[in-house]
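Peer 1: Structure supplied as protein.cif; contents: mmCIF, C-alpha atoms.
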data_work
loop_
_atom_site.label_atom_id
_atom_site.label_comp_id
_atom_site.auth_asym_id
_atom_site.auth_seq_id
_atom_site.Cartn_x
_atom_site.Cartn_y
_atom_site.Cartn_z
CA MET A 1 -8.99 27.07 -1.50
CA GLY A 2 -5.44 28.14 -2.27
CA GLU A 3 -3.15 27.79 -5.18
CA LEU A 4 -2.67 24.36 -6.69
CA THR A 5 0.16 23.29 -8.99
CA LEU A 6 0.44 19.96 -10.77
CA ILE A 7 3.92 18.83 -11.70
CA ALA A 8 3.81 15.99 -14.19
CA THR A 9 4.38 14.66 -17.66
CA PRO A 10 1.29 14.76 -19.87
CA GLN A 11 1.96 11.28 -21.29
CA SER A 12 1.61 9.67 -17.90
CA SER A 13 -1.64 7.92 -17.06
CA TYR A 14 -1.03 8.69 -13.38
CA CYS A 15 -0.91 12.36 -14.27
CA ALA A 16 -4.13 12.00 -16.25
CA ARG A 17 -5.90 10.64 -13.17
CA ILE A 18 -5.15 13.86 -11.33
CA GLN A 19 -6.14 16.03 -14.26
CA TRP A 20 -9.45 14.20 -14.63
CA THR A 21 -10.07 14.54 -10.88
CA LEU A 22 -9.38 18.25 -10.89
CA LYS A 23 -11.58 18.73 -13.93
CA LEU A 24 -14.46 16.79 -12.39
CA LYS A 25 -14.24 18.96 -9.30
CA GLY A 26 -13.85 22.15 -11.33
CA VAL A 27 -10.60 23.07 -9.60
CA GLU A 28 -8.27 25.56 -11.24
CA TYR A 29 -4.59 24.68 -11.26
CA GLU A 30 -1.26 25.49 -12.79
CA PHE A 31 0.39 22.74 -14.82
CA ILE A 32 4.15 22.45 -14.83
CA GLU A 33 5.39 20.00 -17.40
CA GLU A 34 8.37 17.94 -16.38
CA ASP A 35 10.84 15.96 -18.36
CA LEU A 36 11.37 12.38 -17.11
CA LEU A 37 15.02 12.53 -18.04
CA ASN A 38 15.67 15.96 -16.68
CA LYS A 39 13.94 16.44 -13.33
CA SER A 40 13.73 19.97 -12.04
CA PRO A 41 15.01 21.06 -8.62
CA LEU A 42 11.43 21.96 -7.66
CA LEU A 43 10.35 18.35 -8.10
CA LEU A 44 13.32 16.91 -6.27
CA GLU A 45 12.65 19.25 -3.36
CA SER A 46 8.93 18.44 -3.30
CA ASN A 47 9.28 14.71 -3.51
CA PRO A 48 12.56 13.57 -1.97
CA ALA A 49 11.31 10.09 -1.15
CA TYR A 50 10.43 9.09 -4.67
CA LYS A 51 11.48 11.88 -7.03
CA LYS A 52 8.56 10.94 -9.25
CA PHE A 53 5.47 12.48 -10.80
CA PRO A 54 2.75 13.37 -10.46
CA THR A 55 3.41 15.70 -7.57
CA ILE A 56 1.11 18.51 -6.52
CA LEU A 57 1.80 21.63 -4.56
CA HIS A 58 -1.19 22.99 -2.67
CA GLU A 59 -0.56 26.29 -0.95
CA GLY A 60 3.11 25.47 -1.27
CA LYS A 61 2.78 22.06 0.41
CA PRO A 62 3.91 19.08 -1.68
CA LEU A 63 2.15 15.76 -2.08
CA ALA A 64 2.98 12.75 -4.24
CA GLU A 65 1.47 9.44 -5.38
CA SER A 66 -1.55 9.70 -7.65
CA LEU A 67 -4.01 7.79 -5.46
CA ILE A 68 -3.03 9.72 -2.36
CA ILE A 69 -3.36 12.98 -4.25
CA LEU A 70 -6.75 11.81 -5.52
CA GLU A 71 -8.03 11.13 -1.98
CA TYR A 72 -6.63 14.43 -0.77
CA ILE A 73 -8.41 16.37 -3.51
CA ASP A 74 -11.58 14.43 -2.74
CA GLN A 75 -11.34 15.52 0.90
CA VAL A 76 -10.51 19.17 0.35
CA TRP A 77 -13.00 19.80 -2.46
CA LYS A 78 -16.03 17.96 -1.13
CA HIS A 79 -18.49 18.51 -3.97
CA TYR A 80 -18.79 15.67 -6.49
CA PRO A 81 -17.46 13.06 -4.04
CA LEU A 82 -15.41 10.36 -5.71
CA LEU A 83 -14.95 7.76 -3.03
CA PRO A 84 -17.97 5.93 -1.64
CA HIS A 85 -19.22 7.08 1.73
CA ASP A 86 -19.69 3.69 3.39
CA PRO A 87 -16.43 2.45 5.03
CA SER A 88 -16.90 -1.07 3.69
CA ASP A 89 -17.45 0.14 0.12
CA LYS A 90 -14.50 2.50 0.52
CA ALA A 91 -12.31 -0.41 1.62
CA ILE A 92 -13.38 -2.42 -1.43
CA ALA A 93 -12.61 0.52 -3.72
CA ARG A 94 -9.18 0.99 -2.18
CA SER A 95 -8.46 -2.74 -2.47
CA SER A 96 -9.40 -2.64 -6.12
CA ALA A 97 -7.18 0.38 -6.72
CA LYS A 98 -4.27 -1.37 -5.03
CA PHE A 99 -4.87 -4.39 -7.27
CA ALA A 100 -4.99 -2.13 -10.32
CA ASP A 101 -1.72 -0.39 -9.55
CA GLU A 102 0.25 -3.22 -8.04
CA LYS A 103 -0.87 -6.08 -10.18
CA LEU A 104 -2.66 -5.16 -13.40
CA ILE A 105 -0.49 -2.24 -14.49
CA VAL A 106 2.67 -4.19 -13.68
CA GLU A 107 1.44 -7.18 -15.71
CA VAL A 108 0.45 -5.06 -18.66
CA TRP A 109 3.84 -3.30 -18.67
CA GLU A 110 5.59 -6.64 -18.47
CA ALA A 111 3.56 -7.93 -21.40
CA PHE A 112 4.39 -4.76 -23.28
CA LYS A 113 8.13 -4.73 -22.82
CA SER A 114 9.09 -8.38 -22.71
CA GLU A 115 9.60 -11.04 -25.35
CA GLY A 116 9.02 -14.71 -25.87
CA GLU A 117 8.02 -16.89 -22.95
CA LYS A 118 8.12 -14.02 -20.46
CA LYS A 119 5.72 -12.09 -22.65
CA GLU A 120 3.34 -15.03 -22.94
CA LYS A 121 3.31 -15.44 -19.19
CA ALA A 122 2.68 -11.77 -18.63
CA ILE A 123 -0.12 -11.67 -21.18
CA LYS A 124 -1.80 -14.60 -19.44
CA ALA A 125 -1.52 -12.87 -16.05
CA ALA A 126 -2.82 -9.58 -17.41
CA VAL A 127 -5.79 -11.24 -19.07
CA GLU A 128 -6.67 -12.96 -15.79
CA SER A 129 -6.47 -9.67 -13.95
CA LEU A 130 -8.60 -7.97 -16.57
CA ALA A 131 -11.21 -10.66 -16.04
CA THR A 132 -11.38 -9.68 -12.37
CA VAL A 133 -11.84 -6.05 -13.34
CA ASP A 134 -14.44 -6.95 -15.95
CA LYS A 135 -16.50 -8.68 -13.26
CA GLN A 136 -16.45 -5.55 -11.14
CA ILE A 137 -18.05 -3.43 -13.81
CA GLU A 138 -20.53 -6.03 -15.03
CA GLY A 139 -23.94 -4.53 -15.60
CA LYS A 140 -22.86 -1.02 -14.63
CA LYS A 141 -22.24 2.04 -16.73
CA CYS A 142 -19.28 3.18 -14.65
CA PHE A 143 -17.40 1.62 -11.74
CA GLY A 144 -19.02 4.33 -9.70
CA GLY A 145 -22.51 3.39 -10.85
CA GLU A 146 -24.25 5.98 -12.97
CA ARG A 147 -21.48 8.55 -12.82
CA ILE A 148 -17.71 8.55 -12.76
CA GLY A 149 -16.20 7.69 -9.40
CA TYR A 150 -12.87 6.81 -7.84
CA LEU A 151 -12.41 3.49 -9.62
CA ASP A 152 -13.24 4.92 -13.02
CA LEU A 153 -10.37 7.35 -12.48
CA VAL A 154 -8.15 4.50 -11.31
CA TYR A 155 -8.92 2.33 -14.34
CA GLY A 156 -9.38 5.21 -16.78
CA TRP A 157 -6.02 4.53 -18.40
CA LEU A 158 -7.42 1.29 -19.81
CA ALA A 159 -9.71 3.27 -22.08
CA HIS A 160 -6.91 5.28 -23.58
CA TRP A 161 -3.48 3.87 -22.99
CA LEU A 162 -4.17 0.19 -23.35
CA ASN A 163 -4.92 0.43 -27.07
CA VAL A 164 -1.63 2.17 -27.71
CA MET A 165 0.29 -0.29 -25.57
CA GLU A 166 -1.38 -3.22 -27.28
CA GLU A 167 -0.46 -1.94 -30.70
CA VAL A 168 3.09 -0.99 -29.88
CA GLY A 169 3.66 -4.00 -27.69
CA GLY A 170 2.18 -6.42 -30.18
CA MET A 171 -0.34 -8.04 -27.96
CA LYS A 172 -4.08 -8.19 -27.55
CA LEU A 173 -5.39 -8.13 -24.03
CA LEU A 174 -8.75 -6.48 -24.10
CA ASP A 175 -11.01 -7.75 -26.81
CA LYS A 176 -14.73 -7.29 -27.08
CA GLU A 177 -15.71 -10.93 -26.80
CA SER A 178 -13.73 -11.76 -23.68
CA PHE A 179 -14.51 -8.60 -21.79
CA PRO A 180 -17.79 -7.15 -22.94
CA SER A 181 -18.45 -5.02 -19.86
CA LEU A 182 -14.98 -3.55 -19.68
CA HIS A 183 -14.87 -2.79 -23.36
CA GLN A 184 -17.98 -0.71 -22.94
CA MET B 1 -25.13 -8.33 18.35
CA ALA B 2 -24.18 -10.90 15.76
CA ASP B 3 -24.29 -8.16 13.12
CA ASP B 4 -21.47 -6.21 14.70
CA GLN B 5 -19.18 -9.12 15.37
CA VAL B 6 -15.54 -8.51 14.49
CA LYS B 7 -13.30 -11.40 13.52
CA LEU B 8 -9.68 -11.27 12.52
CA HIS B 9 -8.17 -14.02 10.40
CA GLY B 10 -4.47 -13.63 11.00
CA SER B 11 -1.30 -15.27 12.13
CA TRP B 12 0.99 -14.84 15.13
CA VAL B 13 4.02 -14.61 12.83
CA SER B 14 2.67 -11.98 10.49
CA LEU B 15 3.54 -8.33 11.02
CA TYR B 16 0.60 -7.48 8.80
CA SER B 17 -1.76 -9.18 11.26
CA PHE B 18 -0.27 -7.23 14.13
CA ARG B 19 -0.96 -3.93 12.42
CA VAL B 20 -4.65 -4.74 12.58
CA ILE B 21 -4.40 -5.99 16.17
CA TRP B 22 -2.74 -2.74 17.27
CA ALA B 23 -5.44 -0.67 15.57
CA LEU B 24 -8.23 -2.73 17.16
CA GLU B 25 -6.59 -2.57 20.59
CA ILE B 26 -5.99 1.19 20.44
CA LYS B 27 -9.68 1.63 19.75
CA GLY B 28 -10.69 -0.90 22.40
CA ILE B 29 -12.67 -3.02 19.95
CA SER B 30 -13.45 -6.59 20.95
CA TYR B 31 -12.72 -9.13 18.31
CA GLU B 32 -12.35 -12.84 17.82
CA SER B 33 -8.94 -13.93 16.65
CA ILE B 34 -8.79 -16.82 14.19
CA GLU B 35 -5.34 -18.24 13.69
CA GLU B 36 -4.57 -19.17 10.08
CA ASP B 37 -1.74 -21.34 8.90
CA PHE B 38 -1.17 -19.03 5.98
CA LEU B 39 2.01 -20.63 4.72
CA TYR B 40 0.99 -24.23 4.50
CA ASN B 41 -2.72 -24.67 5.03
CA LYS B 42 -5.17 -21.85 4.42
CA SER B 43 -8.68 -22.39 5.70
CA GLN B 44 -11.69 -22.61 3.38
CA LEU B 45 -13.17 -19.55 5.05
CA LEU B 46 -10.09 -17.48 4.28
CA LEU B 47 -10.11 -18.50 0.63
CA GLN B 48 -13.76 -17.55 0.48
CA TYR B 49 -13.14 -14.11 2.01
CA ASN B 50 -10.06 -13.27 0.01
CA PRO B 51 -10.33 -15.16 -3.27
CA VAL B 52 -8.17 -12.77 -5.25
CA HIS B 53 -5.08 -12.62 -3.05
CA LYS B 54 -5.68 -15.52 -0.65
CA LYS B 55 -3.76 -13.63 2.04
CA ILE B 56 -4.07 -12.71 5.67
CA PRO B 57 -5.03 -10.63 7.51
CA VAL B 58 -8.70 -10.48 6.71
CA LEU B 59 -11.09 -8.63 8.98
CA VAL B 60 -14.68 -9.76 8.95
CA HIS B 61 -17.15 -7.23 10.34
CA GLY B 62 -20.80 -8.14 10.43
CA GLY B 63 -20.06 -10.87 7.91
CA LYS B 64 -18.35 -8.54 5.42
CA PRO B 65 -14.66 -9.16 4.70
CA VAL B 66 -12.02 -6.43 4.43
CA CYS B 67 -8.57 -7.34 3.09
CA GLU B 68 -5.09 -5.78 3.05
CA SER B 69 -3.69 -4.74 6.43
CA MET B 70 -3.54 -0.96 5.90
CA ILE B 71 -6.89 -0.87 4.12
CA ILE B 72 -8.29 -2.72 7.15
CA VAL B 73 -6.67 -0.14 9.47
CA GLU B 74 -8.29 2.69 7.48
CA TYR B 75 -11.61 0.85 7.64
CA ILE B 76 -11.26 0.52 11.43
CA GLU B 77 -10.41 4.21 11.65
CA GLU B 78 -13.52 5.19 9.72
CA THR B 79 -15.90 2.79 11.43
CA TRP B 80 -14.69 3.57 14.97
CA PRO B 81 -13.47 7.19 14.88
CA HIS B 82 -12.59 7.53 18.58
CA ASN B 83 -8.86 7.44 19.47
CA PRO B 84 -8.01 8.58 15.95
CA LEU B 85 -5.03 7.10 14.15
CA LEU B 86 -4.98 9.73 11.42
CA PRO B 87 -4.61 13.50 11.82
CA ARG B 88 -7.67 15.68 11.21
CA ASP B 89 -6.06 18.09 8.77
CA PRO B 90 -6.48 16.80 5.16
CA TYR B 91 -2.89 17.62 4.22
CA GLU B 92 -1.44 15.89 7.28
CA ARG B 93 -3.71 12.91 6.57
CA ALA B 94 -2.46 12.73 3.00
CA LEU B 95 1.15 12.91 4.23
CA ALA B 96 0.51 10.09 6.69
CA ARG B 97 -1.00 7.98 3.90
CA PHE B 98 2.00 8.76 1.70
CA TRP B 99 4.35 7.37 4.34
CA VAL B 100 2.16 4.31 4.87
CA LYS B 101 2.40 3.62 1.14
CA PHE B 102 6.14 4.21 1.21
CA VAL B 103 6.54 1.68 4.01
CA ASP B 104 4.46 -0.86 2.11
CA ASP B 105 6.37 -0.26 -1.13
CA LYS B 106 9.85 -0.45 0.36
CA GLY B 107 9.33 -2.67 3.40
CA PRO B 108 9.24 -5.96 1.43
CA ALA B 109 12.95 -5.43 0.67
CA ILE B 110 13.44 -6.86 4.15
CA TRP B 111 11.73 -10.09 3.05
CA ARG B 112 13.74 -10.23 -0.14
CA MET B 113 16.87 -9.87 1.96
CA PHE B 114 15.65 -12.71 4.17
CA LYS B 115 14.90 -15.15 1.40
CA SER B 116 17.73 -14.52 -1.01
CA ARG B 117 21.43 -14.95 -1.51
CA GLY B 118 24.22 -13.29 -3.47
CA LYS B 119 23.44 -10.33 -5.70
CA GLU B 120 19.73 -10.30 -4.96
CA HIS B 121 20.45 -10.32 -1.25
CA GLU B 122 22.89 -7.42 -1.55
CA LYS B 123 20.42 -5.41 -3.59
CA ALA B 124 17.67 -5.98 -1.02
CA LYS B 125 20.07 -4.96 1.75
CA THR B 126 20.80 -1.66 0.01
CA GLU B 127 17.09 -1.01 -0.49
CA SER B 128 16.33 -1.77 3.14
CA LEU B 129 19.01 0.66 4.28
CA GLU B 130 17.69 3.36 1.98
CA MET B 131 14.22 2.90 3.38
CA LEU B 132 15.53 3.25 6.94
CA ARG B 133 17.40 6.41 5.98
CA THR B 134 14.35 7.99 4.41
CA MET B 135 12.16 7.10 7.38
CA GLU B 136 14.74 8.56 9.77
CA GLN B 137 15.34 11.79 7.89
CA HIS B 138 12.10 12.63 6.16
CA ALA B 139 9.29 10.81 7.88
CA LEU B 140 10.22 10.92 11.56
CA GLY B 141 12.30 14.08 11.88
CA ASP B 142 12.28 15.38 15.45
CA LYS B 143 9.05 13.78 16.53
CA LYS B 144 8.72 11.12 19.20
CA PHE B 145 6.41 9.03 17.03
CA PHE B 146 5.51 9.36 13.36
CA GLY B 147 2.07 10.37 14.62
CA GLY B 148 3.48 13.05 16.93
CA ASP B 149 3.18 12.55 20.69
CA GLU B 150 1.01 9.47 20.29
CA ILE B 151 1.33 6.58 17.88
CA GLY B 152 -0.63 6.91 14.67
CA ILE B 153 -1.16 5.09 11.42
CA VAL B 154 2.44 5.44 10.22
CA ASP B 155 3.78 4.02 13.49
CA ILE B 156 1.43 1.07 13.04
CA ALA B 157 2.52 0.59 9.44
CA PHE B 158 6.24 0.83 10.12
CA GLY B 159 6.26 -0.69 13.58
CA GLY B 160 5.79 -4.18 12.29
CA PHE B 161 8.65 -3.94 9.80
CA ALA B 162 11.01 -2.49 12.38
CA TYR B 163 10.30 -5.28 14.86
CA TRP B 164 10.50 -8.02 12.24
CA LEU B 165 13.74 -6.54 10.93
CA GLY B 166 15.34 -7.44 14.25
CA VAL B 167 14.31 -11.06 13.79
CA VAL B 168 15.51 -11.11 10.17
CA GLU B 169 18.85 -9.61 11.19
CA GLU B 170 19.39 -12.34 13.73
CA VAL B 171 18.32 -15.19 11.45
CA VAL B 172 20.36 -13.95 8.49
CA GLY B 173 23.29 -12.86 10.65
CA LEU B 174 23.72 -9.19 9.82
CA LYS B 175 23.18 -5.78 11.41
CA LEU B 176 21.40 -3.10 9.45
CA PHE B 177 19.54 -1.11 12.05
CA GLU B 178 22.57 0.30 13.92
CA ASP B 179 21.86 2.88 16.61
CA GLN B 180 24.68 5.17 15.56
CA ALA B 181 23.45 5.23 11.98
CA PHE B 182 19.80 5.66 12.94
CA PRO B 183 19.64 7.37 16.34
CA ARG B 184 16.15 8.78 15.94
CA LEU B 185 14.67 5.56 14.61
CA HIS B 186 16.29 3.65 17.43
CA ALA B 187 14.77 5.94 20.02
CA TRP B 188 11.45 5.61 18.21
CA SER B 189 11.71 1.82 18.18
CA ASN B 190 12.29 1.68 21.94
CA ASP B 191 9.42 4.06 22.61
CA PHE B 192 7.16 2.13 20.27
CA LYS B 193 7.75 -1.15 22.07
CA GLN B 194 6.95 0.52 25.39
CA VAL B 195 3.52 1.75 24.35
CA SER B 196 1.04 -0.40 26.28
CA VAL B 197 -0.88 -1.59 23.22
CA THR B 198 2.21 -2.79 21.41
CA LYS B 199 3.94 -4.03 24.57
CA ARG B 200 1.02 -6.37 25.23
CA ASN B 201 0.79 -7.38 21.58
CA LEU B 202 4.07 -8.49 20.13
CA PRO B 203 4.93 -12.07 19.24
CA ASP B 204 7.38 -13.99 21.40
CA PRO B 205 10.85 -13.25 19.93
CA HIS B 206 12.25 -16.69 20.64
CA ARG B 207 9.30 -18.44 19.00
CA MET B 208 9.69 -16.15 15.98
CA LEU B 209 13.40 -16.89 15.66
CA VAL B 210 12.74 -20.60 15.59
CA PHE B 211 9.94 -20.19 13.05
CA TYR B 212 11.86 -17.93 10.67
CA LYS B 213 15.06 -19.96 10.90
CA ASP B 214 13.02 -22.92 9.80
CA VAL B 215 11.43 -20.99 6.93
CA ARG B 216 14.80 -19.76 5.70
CA GLU B 217 16.25 -23.25 5.76
CA LYS B 218 13.36 -24.56 3.73
CA LEU B 219 13.71 -21.69 1.27
CA LEU B 220 17.45 -21.70 0.84
CA GLY B 221 18.27 -25.23 1.82
CA PHE B 222 21.00 -24.56 4.33
CA THR B 223 21.36 -23.91 8.04
CA SER B 224 21.62 -20.23 8.82
CA SER B 225 24.34 -18.93 11.15
#
Rewrite the structure from the file as structure tokens, please.
Peer 2:
Amino acid sequence: MGELTLIATPQSSYCARIQWTLKLKGVEYEFIEEDLLNKSPLLLESNPAYKKFPTILHEGKPLAESLIILEYIDQVWKHYPLLPHDPSDKAIARSSAKFADEKLIVEVWEAFKSEGEKKEKAIKAAVESLATVDKQIEGKKCFGGERIGYLDLVYGWLAHWLNVMEEVGGMKLLDKESFPSLHQ
Amino acid sequence: MADDQVKLHGSWVSLYSFRVIWALEIKGISYESIEEDFLYNKSQLLLQYNPVHKKIPVLVHGGKPVCESMIIVEYIEETWPHNPLLPRDPYERALARFWVKFVDDKGPAIWRMFKSRGKEHEKAKTESLEMLRTMEQHALGDKKFFGGDEIGIVDIAFGGFAYWLGVVEEVVGLKLFEDQAFPRLHAWSNDFKQVSVTKRNLPDPHRMLVFYKDVREKLLGFTSS
């Protein structure tokens, strides 16, 4: 299927999404670690529009944006499909992912890095968004049902990064009582 | 059949609505158009279909709602695969989706430019120009359309912004999209407006001017030039 390279920083949750995806599909790849403060010429050449990670190179062809990379991998390596097959379910999954990346992550970051009234506002917004997410997973083991799917990869960072952000940022967003399904 | 009925909750002033209209028209899909007053008076049905974002457009197919203009376009593409809007090759598809996301990420700078003043306005202007430059140099290149010889998903995504930019320029009183600075995009824009589907489906420019002038006055509290 051709050589695949992942250019990213290991601390990034967006990078982790790609790594989890590749692992689930059993795809071999080369990992090039990049420094956020010192971007390599390879990255700048591969991703002139954004100059961000993660970026992949597949058979020399560059691609950026974690969700787009995720869908691409899902299409090229068809075993263990991640996105639902039905167009309506796919649309719902994509909507949810958009919500996750454009709203929830932004709110959590804001809550993390701000102070005072701004922080309070952001925490409130993030908690509301988490409630929406919690509803989506109610009664299910994974977003994808019995096994990990697209949305589990999208929201996966919650399981790992949120704890750290909560502790460092001095805020509590995801507690067991408010969000039983999500906590699980 | 009632099951297959397609309804579009949209608005004549919204470029996001038009993206869906163009996709439906390219595929020759019949649909019922429901006009929503999304700024001042959203219908109960809309709020029911899109409780999280409360936004248009919303496509309802067989009773099931789909939200977010480009997600709707992808849904249309998958449900009615004839007259494809996306390339077949997975890499080319991913590239097209990348540019669609880019347009959606950077495009709103045009709105920020429209509804702001001073430093914020200047910042939005710079961002809008940068977006145009990137589209001209990296996305379009030497092609007639972003989709190649025929319009595709990126043309649909960007087309709205390009057309609305003209209205914003006139209402705000500035010129960003100069033909000397963006020769390829200008040629693209003219070609895009000539494509039969878009030609038949663009809002009346005079009506839009009046509408947006009014919106800007209400937002900023002064009469625009």
Peer 1: Given the file above and the PyMOL selection byres ((chain B and resi 66) around 9), which residues are selected, and can you give them as a PyMOL selection string?
Peer 2: (chain A and resi 88+91-92+95) or (chain B and resi 49-50+57-61+64-65+67-69+71-72+75)
Peer 1: May I have the residues of chain B within 12 Å of chain A, counting only C-alpha atoms, written as a PyMOL selection string?
Peer 2: chain B and resi 50-53+58-81+88-106+130-139
Peer 1: Once the PyMOL selection byres ((chain B and resi 188) around 9) has been applied to the shown file, what residues remain in the selection, as a list in words?
Peer 2: Leu140, Lys143, Lys144, Phe145, Phe146, Pro183, Arg184, Leu185, His186, Ala187, Ser189, Asn190, Asp191, Phe192 and Lys193 of chain B
Peer 1: Dump C-alpha atoms for the selected residues as a short mmCIF file (atom, residue, chain, number, x, y, z; two decimals), in the coordinates of the input?
Peer 2:
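Just written: again_36.cif:
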data_model
loop_
_atom_site.label_atom_id
_atom_site.label_comp_id
_atom_site.auth_asym_id
_atom_site.auth_seq_id
_atom_site.Cartn_x
_atom_site.Cartn_y
_atom_site.Cartn_z
CA LEU B 140 10.22 10.92 11.56
CA LYS B 143 9.05 13.78 16.53
CA LYS B 144 8.72 11.12 19.20
CA PHE B 145 6.41 9.03 17.03
CA PHE B 146 5.51 9.36 13.36
CA PRO B 183 19.64 7.37 16.34
CA ARG B 184 16.15 8.78 15.94
CA LEU B 185 14.67 5.56 14.61
CA HIS B 186 16.29 3.65 17.43
CA ALA B 187 14.77 5.94 20.02
CA SER B 189 11.71 1.82 18.18
CA ASN B 190 12.29 1.68 21.94
CA ASP B 191 9.42 4.06 22.61
CA PHE B 192 7.16 2.13 20.27
CA LYS B 193 7.75 -1.15 22.07
#
Peer 1: For atom CA of A:Leu4 and atom CA of A:Pro84, determine how far apart the two atoms are, in Å to one decimal place.
Peer 2: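 Going from atom CA of A:Leu4 over to atom CA of A:Pro84, I get 24.5 Å.
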Peer 1: Would you mind telling me which residue in B:Ala124, B:Leu209, B:Val215, B:Leu85 lies nearest to B:Val167 when using all atoms listed in the file?
Peer 2: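 Counting all atoms listed in the file, the residue closest to B:Val167 is B:Leu209.
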Peer 1: I'd like the residues picked by the PyMOL selection byres ((chain B and resi 210) around 12) written out as a list in words, using the chain letters and numbers from the file.
Peer 2: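 Output of the PyMOL selection byres ((chain B and resi 210) around 12): Val13, Val167, Val168, Glu170, Val171, Asp204, Pro205, His206, Arg207, Met208, Leu209, Phe211, Tyr212, Lys213, Asp214, Val215, Arg216, Glu217, Thr223 and Ser224 of chain B.
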Peer 1: Tell me which protein, DNA and RNA residues are within 10 Å of A:Gly156, counting all atoms listed in the file, leaving out same-chain ones fewer than 4 positions away, and put them as a ChimeraX atom specification.
Peer 2: /A:13-14,16-17,20,148,150-152,160-162
Peer 1: Output C-alpha atoms for every residue in that selection, as a tab-separated table (two decimals), in the frame of the given file.
Peer 2:
chain	number	residue	atom	x	y	z
A	13	SER	CA	-1.64	7.92	-17.06
A	14	TYR	CA	-1.03	8.69	-13.38
A	16	ALA	CA	-4.13	12.00	-16.25
A	17	ARG	CA	-5.90	10.64	-13.17
A	20	TRP	CA	-9.45	14.20	-14.63
A	148	ILE	CA	-17.71	8.55	-12.76
A	150	TYR	CA	-12.87	6.81	-7.84
A	151	LEU	CA	-12.41	3.49	-9.62
A	152	ASP	CA	-13.24	4.92	-13.02
A	160	HIS	CA	-6.91	5.28	-23.58
A	161	TRP	CA	-3.48	3.87	-22.99
A	162	LEU	CA	-4.17	0.19	-23.35
Peer 1: Please report the interatomic distance between atom CA of A:Leu153 and atom CA of A:Ala126 in Å with one decimal.
Peer 2: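 Atom CA of A:Leu153 sits 19.2 Å away from atom CA of A:Ala126.
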Peer 1: Measuring between all atoms listed in the file, which one of B:Thr126, B:Ile153, B:Arg117, B:Tyr40 shows the shortest distance to B:Gly221?
Peer 2: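 For B:Gly221, the nearest of the given residues is B:Arg117.
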Peer 1: Which residue out of B:Gly147, B:Pro108, B:Gly152, B:Gly118 has the minimum interatomic distance to B:Ala23 when only C-alpha atoms are used?
Peer 2: B:Gly152
Peer 1: So how far away is atom CA of B:Lys119 from atom CA of B:Leu174, in Å?
Peer 2: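 Distance reported for this atom pair: 15.6 Å.
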